[in-house]
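Everything on this sheet refers to the single structure shown next.
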Amino acid sequence: MIDLHCHSHFSDGLLSPVALFNKAADAQLQILALTDHDTVAGLALLTEAARHSKLKIINGIELSVRWKKNDVHIIGLNIDHEDAGLKGLIAQQTESRVLRAKQIADCLTPFGLENAYQKACEIAGHDRVGRPHFAQVLITEGLVRDAKTAFKRYLGRGKPAYVPTPWLSIDEAVEGIVHAGGQAVIAHPLKYSLTRSKLHELINAFIDAGGVGMEVVSGETTVTDVNEMAGLCMRYGLLASTGSDYHGDGISRIALGKQRQLPLNCTPIWHQWTI
Ligand code: MN
Ligand code: MN
Ligand code: MN
């Protein structure tokens, strides 16, 4: 009953922090971490909503990093979201994100899509939009039928509207999280289509930077994948994390807190938390 990875409408999730709290309370979750992409804007609202409940809120973030031409996601858990260094990194990421969004919009114009950036911002309700918002615009404007096709034809790596982004380095992200008192975790390690040897390289770089955890369970991972990631955690002495990566009903197939259980042979990231 622990979910350490989900999104609110402050990034690309559908729900407000208050609505997320209500869902988590209905599902009788014990611990919930909100991990919006490159923002901590929803954390105070979620904490406030949960103040008189049994649900323990963990302050989190999901930072995009650029590692050897791959976009990798690093989760920070138990961060001090007022930390000045972290705020600086977030400001830097926001600048990169907005610039990237405008470039993506420019790339979509030749396909007959006008003002895609403004449209994405309208869907998001803010200007720090990401590719899922553009996928939504492409669907609404009738260019594709679903988000998967939007990535396959336009937004995915190597496609016409793919824009490589100067995200933080892995060292900057992990050090920023650690400096803010948090624990850094590799998000969904199997989502990057890395070869196994590259994945090992990523884990080594991450540990060298001060990272301590990896998601063993993420969203709808299979039992085989879960067991393999649990093995990797043990091999590298990493703590195991788990999360639904819930973005909202209709977007996410796994509901908040409904991801698989962590295998018993790994050490959960919360084993030393005082909660
Ligand atoms: Mn997302
Ligand atoms: Mn992610
Ligand atoms: Mn996520």
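Order determines the names: the first chain of the structure tokens is A, the second B, and so forth; residues in each chain are numbered 1 upward, and ligands are numbered 1 upward as they are shown.
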
Kindly work out which residues sit at most 10 Å from ligand 2, using only C-alpha atoms and all ligand atoms, and give the list as a ChimeraX atom specification.
-> /A:5-7,35-37,62-64,71-75,186-189,191-192,218,245

Those same residues, written as a compact mmCIF listing (two decimals), in the first residue's frame with N, CA and C atoms?
# COMPACT_ATOMS: atom_id res chain seq x y z
N HIS A 5 5.57 7.01 -6.78
CA HIS A 5 5.75 7.64 -8.09
C HIS A 5 4.38 7.93 -8.70
N CYS A 6 4.01 9.21 -8.74
CA CYS A 6 2.76 9.58 -9.42
C CYS A 6 2.83 11.06 -9.81
N HIS A 7 1.88 11.47 -10.62
CA HIS A 7 1.89 12.83 -11.18
C HIS A 7 0.57 13.56 -10.96
N THR A 35 5.58 12.84 -7.45
CA THR A 35 6.86 13.00 -8.15
C THR A 35 6.63 13.65 -9.52
N ASP A 36 6.17 14.89 -9.51
CA ASP A 36 5.92 15.58 -10.78
C ASP A 36 7.24 15.82 -11.52
N HIS A 37 7.12 15.93 -12.86
CA HIS A 37 8.30 16.17 -13.69
C HIS A 37 8.86 17.56 -13.42
N GLU A 62 10.48 14.13 -10.11
CA GLU A 62 11.06 13.28 -11.16
C GLU A 62 11.84 14.21 -12.09
N LEU A 63 13.16 14.13 -12.02
CA LEU A 63 14.02 15.00 -12.83
C LEU A 63 14.41 14.30 -14.13
N SER A 64 14.30 15.02 -15.24
CA SER A 64 14.80 14.50 -16.52
C SER A 64 16.29 14.75 -16.59
N ASP A 71 17.45 10.11 -22.68
CA ASP A 71 16.71 10.84 -21.66
C ASP A 71 16.35 9.86 -20.55
N VAL A 72 16.90 10.09 -19.38
CA VAL A 72 16.69 9.19 -18.25
C VAL A 72 15.98 9.98 -17.14
N HIS A 73 15.14 9.29 -16.36
CA HIS A 73 14.41 9.97 -15.29
C HIS A 73 14.94 9.54 -13.92
N ILE A 74 15.24 10.53 -13.10
CA ILE A 74 15.72 10.27 -11.75
C ILE A 74 14.70 10.82 -10.75
N ILE A 75 14.27 9.95 -9.85
CA ILE A 75 13.30 10.34 -8.82
C ILE A 75 14.07 10.80 -7.58
N ILE A 186 16.66 5.62 -9.60
CA ILE A 186 16.48 5.50 -11.06
C ILE A 186 15.03 5.10 -11.33
N ALA A 187 14.32 5.92 -12.10
CA ALA A 187 12.92 5.61 -12.43
C ALA A 187 12.89 4.58 -13.57
N HIS A 188 11.85 3.75 -13.56
CA HIS A 188 11.56 2.78 -14.63
C HIS A 188 12.77 2.42 -15.51
N PRO A 189 13.74 1.66 -14.96
CA PRO A 189 15.00 1.39 -15.66
C PRO A 189 14.86 0.69 -17.01
N LYS A 191 12.59 1.39 -19.27
CA LYS A 191 11.85 2.21 -20.24
C LYS A 191 12.77 2.91 -21.24
N TYR A 192 14.07 2.81 -21.06
CA TYR A 192 14.98 3.60 -21.89
C TYR A 192 15.51 2.82 -23.09
N SER A 218 7.42 -0.59 -11.53
CA SER A 218 6.97 0.68 -12.07
C SER A 218 5.79 0.45 -13.00
N ASP A 245 3.43 5.18 -11.23
CA ASP A 245 3.61 6.19 -12.28
C ASP A 245 2.24 6.64 -12.80

Determine, counting only C-alpha atoms, which protein, DNA and RNA residues have an atom within 10 Å of an atom of Leu89 in chain A; residues of the same chain fewer than 4 positions away are not included. Present the result as number ranges by chain.
-> A: 38-39, 63, 84-85, 93-95, 167-168, 172-173, 176-177

Extract the full set of helix (DSSP H, G or I) residues from range 44-254 of chain A according to DSSP on the backbone, and format it as a ChimeraX atom specification.
-> /A:44-49,84-111,116-124,131-140,147-155,170-179,189-192,196-209,223-236

Check the DSSP output for the backbone and give back, as an mmCIF file with N, CA, C and O atoms, in the first residue's frame, the residues of range 19-249 of chain A in strand (DSSP E or B).
data_model
loop_
_atom_site.group_PDB
_atom_site.id
_atom_site.type_symbol
_atom_site.label_atom_id
_atom_site.label_comp_id
_atom_site.auth_asym_id
_atom_site.auth_seq_id
_atom_site.Cartn_x
_atom_site.Cartn_y
_atom_site.Cartn_z
ATOM 1 N N ILE A 31 1.506 5.204 2.265
ATOM 2 C CA ILE A 31 2.524 6.203 1.919
ATOM 3 C C ILE A 31 2.356 6.569 0.443
ATOM 4 O O ILE A 31 2.205 5.700 -0.412
ATOM 5 N N LEU A 32 2.398 7.877 0.152
ATOM 6 C CA LEU A 32 2.297 8.350 -1.225
ATOM 7 C C LEU A 32 3.349 9.425 -1.475
ATOM 8 O O LEU A 32 3.469 10.376 -0.705
ATOM 9 N N ALA A 33 4.130 9.252 -2.540
ATOM 10 C CA ALA A 33 5.063 10.299 -2.958
ATOM 11 C C ALA A 33 4.548 10.901 -4.258
ATOM 12 O O ALA A 33 4.253 10.176 -5.212
ATOM 13 N N LEU A 34 4.424 12.224 -4.281
ATOM 14 C CA LEU A 34 4.102 12.929 -5.527
ATOM 15 C C LEU A 34 5.426 13.273 -6.197
ATOM 16 O O LEU A 34 6.295 13.893 -5.584
ATOM 17 N N HIS A 37 7.122 15.927 -12.858
ATOM 18 C CA HIS A 37 8.297 16.169 -13.691
ATOM 19 C C HIS A 37 8.864 17.564 -13.419
ATOM 20 O O HIS A 37 8.206 18.572 -13.702
ATOM 21 N N LYS A 56 0.670 9.055 4.788
ATOM 22 C CA LYS A 56 1.954 9.736 4.936
ATOM 23 C C LYS A 56 2.402 10.226 3.556
ATOM 24 O O LYS A 56 2.464 9.440 2.602
ATOM 25 N N ILE A 57 2.698 11.521 3.461
ATOM 26 C CA ILE A 57 3.128 12.087 2.181
ATOM 27 C C ILE A 57 4.649 12.232 2.159
ATOM 28 O O ILE A 57 5.250 12.737 3.103
ATOM 29 N N ILE A 58 5.238 11.779 1.061
ATOM 30 C CA ILE A 58 6.674 11.926 0.853
ATOM 31 C C ILE A 58 6.878 12.972 -0.239
ATOM 32 O O ILE A 58 6.286 12.875 -1.320
ATOM 33 N N ASN A 59 7.708 13.969 0.031
ATOM 34 C CA ASN A 59 7.982 14.992 -0.982
ATOM 35 C C ASN A 59 8.912 14.433 -2.055
ATOM 36 O O ASN A 59 10.016 13.994 -1.758
ATOM 37 N N GLY A 60 8.440 14.447 -3.288
ATOM 38 C CA GLY A 60 9.237 13.868 -4.367
ATOM 39 C C GLY A 60 9.303 14.750 -5.600
ATOM 40 O O GLY A 60 8.662 15.807 -5.691
ATOM 41 N N ILE A 61 10.105 14.304 -6.546
ATOM 42 C CA ILE A 61 10.245 14.979 -7.844
ATOM 43 C C ILE A 61 10.760 13.946 -8.840
ATOM 44 O O ILE A 61 11.377 12.958 -8.433
ATOM 45 N N GLU A 62 10.481 14.131 -10.115
ATOM 46 C CA GLU A 62 11.062 13.284 -11.160
ATOM 47 C C GLU A 62 11.844 14.207 -12.094
ATOM 48 O O GLU A 62 11.249 14.998 -12.825
ATOM 49 N N LEU A 63 13.165 14.128 -12.022
ATOM 50 C CA LEU A 63 14.023 14.997 -12.833
ATOM 51 C C LEU A 63 14.410 14.302 -14.133
ATOM 52 O O LEU A 63 14.812 13.132 -14.123
ATOM 53 N N SER A 64 14.298 15.018 -15.244
ATOM 54 C CA SER A 64 14.797 14.495 -16.521
ATOM 55 C C SER A 64 16.286 14.749 -16.592
ATOM 56 O O SER A 64 16.739 15.856 -16.284
ATOM 57 N N VAL A 65 17.046 13.747 -16.981
ATOM 58 C CA VAL A 65 18.479 13.948 -17.173
ATOM 59 C C VAL A 65 18.889 13.439 -18.549
ATOM 60 O O VAL A 65 18.232 12.598 -19.149
ATOM 61 N N ARG A 66 19.971 14.012 -19.026
ATOM 62 C CA ARG A 66 20.518 13.612 -20.320
ATOM 63 C C ARG A 66 21.750 12.775 -20.016
ATOM 64 O O ARG A 66 22.679 13.235 -19.331
ATOM 65 N N TRP A 67 21.757 11.536 -20.457
ATOM 66 C CA TRP A 67 22.891 10.642 -20.200
ATOM 67 C C TRP A 67 23.241 9.908 -21.492
ATOM 68 O O TRP A 67 22.445 9.118 -21.975
ATOM 69 N N ASN A 70 20.699 9.680 -24.091
ATOM 70 C CA ASN A 70 19.429 9.109 -23.652
ATOM 71 C C ASN A 70 18.772 10.058 -22.659
ATOM 72 O O ASN A 70 19.452 10.723 -21.887
ATOM 73 N N ASP A 71 17.449 10.114 -22.682
ATOM 74 C CA ASP A 71 16.709 10.843 -21.656
ATOM 75 C C ASP A 71 16.348 9.856 -20.553
ATOM 76 O O ASP A 71 15.613 8.906 -20.795
ATOM 77 N N VAL A 72 16.899 10.092 -19.381
ATOM 78 C CA VAL A 72 16.690 9.192 -18.251
ATOM 79 C C VAL A 72 15.980 9.976 -17.144
ATOM 80 O O VAL A 72 16.184 11.179 -17.018
ATOM 81 N N HIS A 73 15.142 9.294 -16.364
ATOM 82 C CA HIS A 73 14.414 9.968 -15.291
ATOM 83 C C HIS A 73 14.936 9.539 -13.923
ATOM 84 O O HIS A 73 15.064 8.353 -13.650
ATOM 85 N N ILE A 74 15.239 10.530 -13.098
ATOM 86 C CA ILE A 74 15.721 10.273 -11.745
ATOM 87 C C ILE A 74 14.701 10.818 -10.748
ATOM 88 O O ILE A 74 14.319 11.991 -10.802
ATOM 89 N N ILE A 75 14.266 9.949 -9.855
ATOM 90 C CA ILE A 75 13.303 10.335 -8.816
ATOM 91 C C ILE A 75 14.069 10.799 -7.580
ATOM 92 O O ILE A 75 15.076 10.200 -7.214
ATOM 93 N N GLY A 76 13.603 11.861 -6.963
ATOM 94 C CA GLY A 76 14.123 12.282 -5.656
ATOM 95 C C GLY A 76 13.024 12.067 -4.628
ATOM 96 O O GLY A 76 11.894 12.506 -4.844
ATOM 97 N N LEU A 77 13.336 11.375 -3.546
ATOM 98 C CA LEU A 77 12.344 11.128 -2.492
ATOM 99 C C LEU A 77 12.803 11.775 -1.195
ATOM 100 O O LEU A 77 14.008 11.801 -0.912
ATOM 101 N N LEU A 168 19.542 18.308 -17.267
ATOM 102 C CA LEU A 168 20.634 18.204 -16.297
ATOM 103 C C LEU A 168 21.449 16.946 -16.571
ATOM 104 O O LEU A 168 20.942 15.980 -17.135
ATOM 105 N N GLN A 183 16.779 11.083 -1.289
ATOM 106 C CA GLN A 183 17.367 9.866 -1.840
ATOM 107 C C GLN A 183 17.056 9.835 -3.331
ATOM 108 O O GLN A 183 15.911 10.040 -3.734
ATOM 109 N N ALA A 184 18.098 9.561 -4.128
ATOM 110 C CA ALA A 184 17.903 9.504 -5.574
ATOM 111 C C ALA A 184 17.646 8.066 -6.018
ATOM 112 O O ALA A 184 18.274 7.129 -5.525
ATOM 113 N N VAL A 185 16.694 7.941 -6.958
ATOM 114 C CA VAL A 185 16.224 6.628 -7.421
ATOM 115 C C VAL A 185 16.142 6.640 -8.949
ATOM 116 O O VAL A 185 15.600 7.586 -9.521
ATOM 117 N N ILE A 186 16.657 5.617 -9.602
ATOM 118 C CA ILE A 186 16.481 5.504 -11.064
ATOM 119 C C ILE A 186 15.032 5.103 -11.331
ATOM 120 O O ILE A 186 14.565 4.074 -10.840
ATOM 121 N N GLY A 213 18.948 4.231 -4.997
ATOM 122 C CA GLY A 213 17.804 3.356 -5.217
ATOM 123 C C GLY A 213 17.425 3.187 -6.672
ATOM 124 O O GLY A 213 17.877 3.940 -7.544
ATOM 125 N N MET A 214 16.595 2.175 -6.928
ATOM 126 C CA MET A 214 16.108 1.944 -8.284
ATOM 127 C C MET A 214 14.677 1.408 -8.194
ATOM 128 O O MET A 214 14.358 0.651 -7.281
ATOM 129 N N GLU A 215 13.853 1.801 -9.154
ATOM 130 C CA GLU A 215 12.490 1.268 -9.178
ATOM 131 C C GLU A 215 12.519 -0.174 -9.667
ATOM 132 O O GLU A 215 12.947 -0.443 -10.793
ATOM 133 N N VAL A 216 12.060 -1.054 -8.824
ATOM 134 C CA VAL A 216 11.951 -2.473 -9.182
ATOM 135 C C VAL A 216 10.570 -2.722 -9.777
ATOM 136 O O VAL A 216 10.401 -3.511 -10.694
ATOM 137 N N VAL A 217 9.596 -2.019 -9.244
ATOM 138 C CA VAL A 217 8.242 -2.087 -9.783
ATOM 139 C C VAL A 217 7.848 -0.702 -10.264
ATOM 140 O O VAL A 217 7.974 0.285 -9.532
ATOM 141 N N SER A 218 7.417 -0.590 -11.530
ATOM 142 C CA SER A 218 6.969 0.683 -12.070
ATOM 143 C C SER A 218 5.787 0.449 -12.998
ATOM 144 O O SER A 218 5.912 -0.274 -13.976
ATOM 145 N N LEU A 239 18.701 0.206 -3.031
ATOM 146 C CA LEU A 239 17.413 0.035 -2.370
ATOM 147 C C LEU A 239 16.330 -0.024 -3.441
ATOM 148 O O LEU A 239 16.444 0.617 -4.487
ATOM 149 N N ALA A 240 15.285 -0.783 -3.159
ATOM 150 C CA ALA A 240 14.228 -0.985 -4.152
ATOM 151 C C ALA A 240 13.076 -0.025 -3.924
ATOM 152 O O ALA A 240 12.619 0.155 -2.794
ATOM 153 N N SER A 241 12.618 0.604 -5.004
ATOM 154 C CA SER A 241 11.465 1.480 -4.909
ATOM 155 C C SER A 241 10.322 0.935 -5.756
ATOM 156 O O SER A 241 10.524 0.055 -6.609
ATOM 157 N N THR A 242 9.132 1.459 -5.503
ATOM 158 C CA THR A 242 7.951 0.989 -6.215
ATOM 159 C C THR A 242 6.971 2.133 -6.436
ATOM 160 O O THR A 242 6.797 2.979 -5.560
ATOM 161 N N GLY A 243 6.386 2.179 -7.615
ATOM 162 C CA GLY A 243 5.403 3.225 -7.885
ATOM 163 C C GLY A 243 4.536 2.887 -9.076
ATOM 164 O O GLY A 243 4.926 2.110 -9.948
ATOM 165 N N TYR A 246 1.313 6.740 -11.872
ATOM 166 C CA TYR A 246 -0.068 7.100 -12.219
ATOM 167 C C TYR A 246 -0.149 8.542 -12.727
ATOM 168 O O TYR A 246 0.372 9.455 -12.111
ATOM 169 N N ASP A 249 -6.831 8.463 -14.720
ATOM 170 C CA ASP A 249 -7.632 7.400 -15.335
ATOM 171 C C ASP A 249 -7.702 7.667 -16.828
ATOM 172 O O ASP A 249 -7.842 8.805 -17.256
#

Pick the closest to His247 in chain A from A:Gly13, A:Pro132, A:Gly211, A:Pro110: which is it, counting only C-alpha atoms?
->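 Closest to His247 in chain A, using only C-alpha atoms: A:Gly13.
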
Using only C-alpha atoms, which residues sit within 6 Å of range 41-55 of chain A once same-chain residues fewer than 5 positions away are excluded, as a list of chain:residue names?
->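 That gives A:Pro17, A:Val18, A:Gln30, A:Ile31.
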
Give me a file of those residues, with C-alpha atoms, as an mmCIF file, in the first residue's frame.
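Ended up saving to again_5.cif:
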data_model
loop_
_atom_site.group_PDB
_atom_site.id
_atom_site.type_symbol
_atom_site.label_atom_id
_atom_site.label_comp_id
_atom_site.auth_asym_id
_atom_site.auth_seq_id
_atom_site.Cartn_x
_atom_site.Cartn_y
_atom_site.Cartn_z
ATOM 1 C CA PRO A 17 -3.048 17.122 -5.549
ATOM 2 C CA VAL A 18 -6.296 17.200 -3.548
ATOM 3 C CA GLN A 30 -0.205 4.236 3.659
ATOM 4 C CA ILE A 31 2.524 6.203 1.919
#

Hey, what's within 7 Å of range 193-210 of chain A if we count only C-alpha atoms and toss same-chain stuff fewer than 2 positions away? As a list in words, please?
->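 Those residues are Ile170, Asp171, Val174, Glu175, Leu190, Lys191 and Val212 of chain A.
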
Output the selection as an mmCIF file, in the first residue's frame - C-alpha atoms for each residue.
data_model
loop_
_atom_site.group_PDB
_atom_site.id
_atom_site.type_symbol
_atom_site.label_atom_id
_atom_site.label_comp_id
_atom_site.auth_asym_id
_atom_site.auth_seq_id
_atom_site.Cartn_x
_atom_site.Cartn_y
_atom_site.Cartn_z
ATOM 1 C CA ILE A 170 23.056 12.682 -13.950
ATOM 2 C CA ASP A 171 25.609 14.148 -11.521
ATOM 3 C CA VAL A 174 21.620 13.205 -8.103
ATOM 4 C CA GLU A 175 23.812 15.699 -6.260
ATOM 5 C CA LEU A 190 13.585 -0.701 -18.510
ATOM 6 C CA LYS A 191 11.855 2.214 -20.244
ATOM 7 C CA VAL A 212 20.936 4.862 -3.716
#

Nearest to ligand 3: which of A:Asp12, A:Asp80, A:Asp3, A:Asp146 is it, counting only C-alpha atoms and all ligand atoms?
->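 That would be A:Asp12, the residue with the smallest distance to ligand 3.
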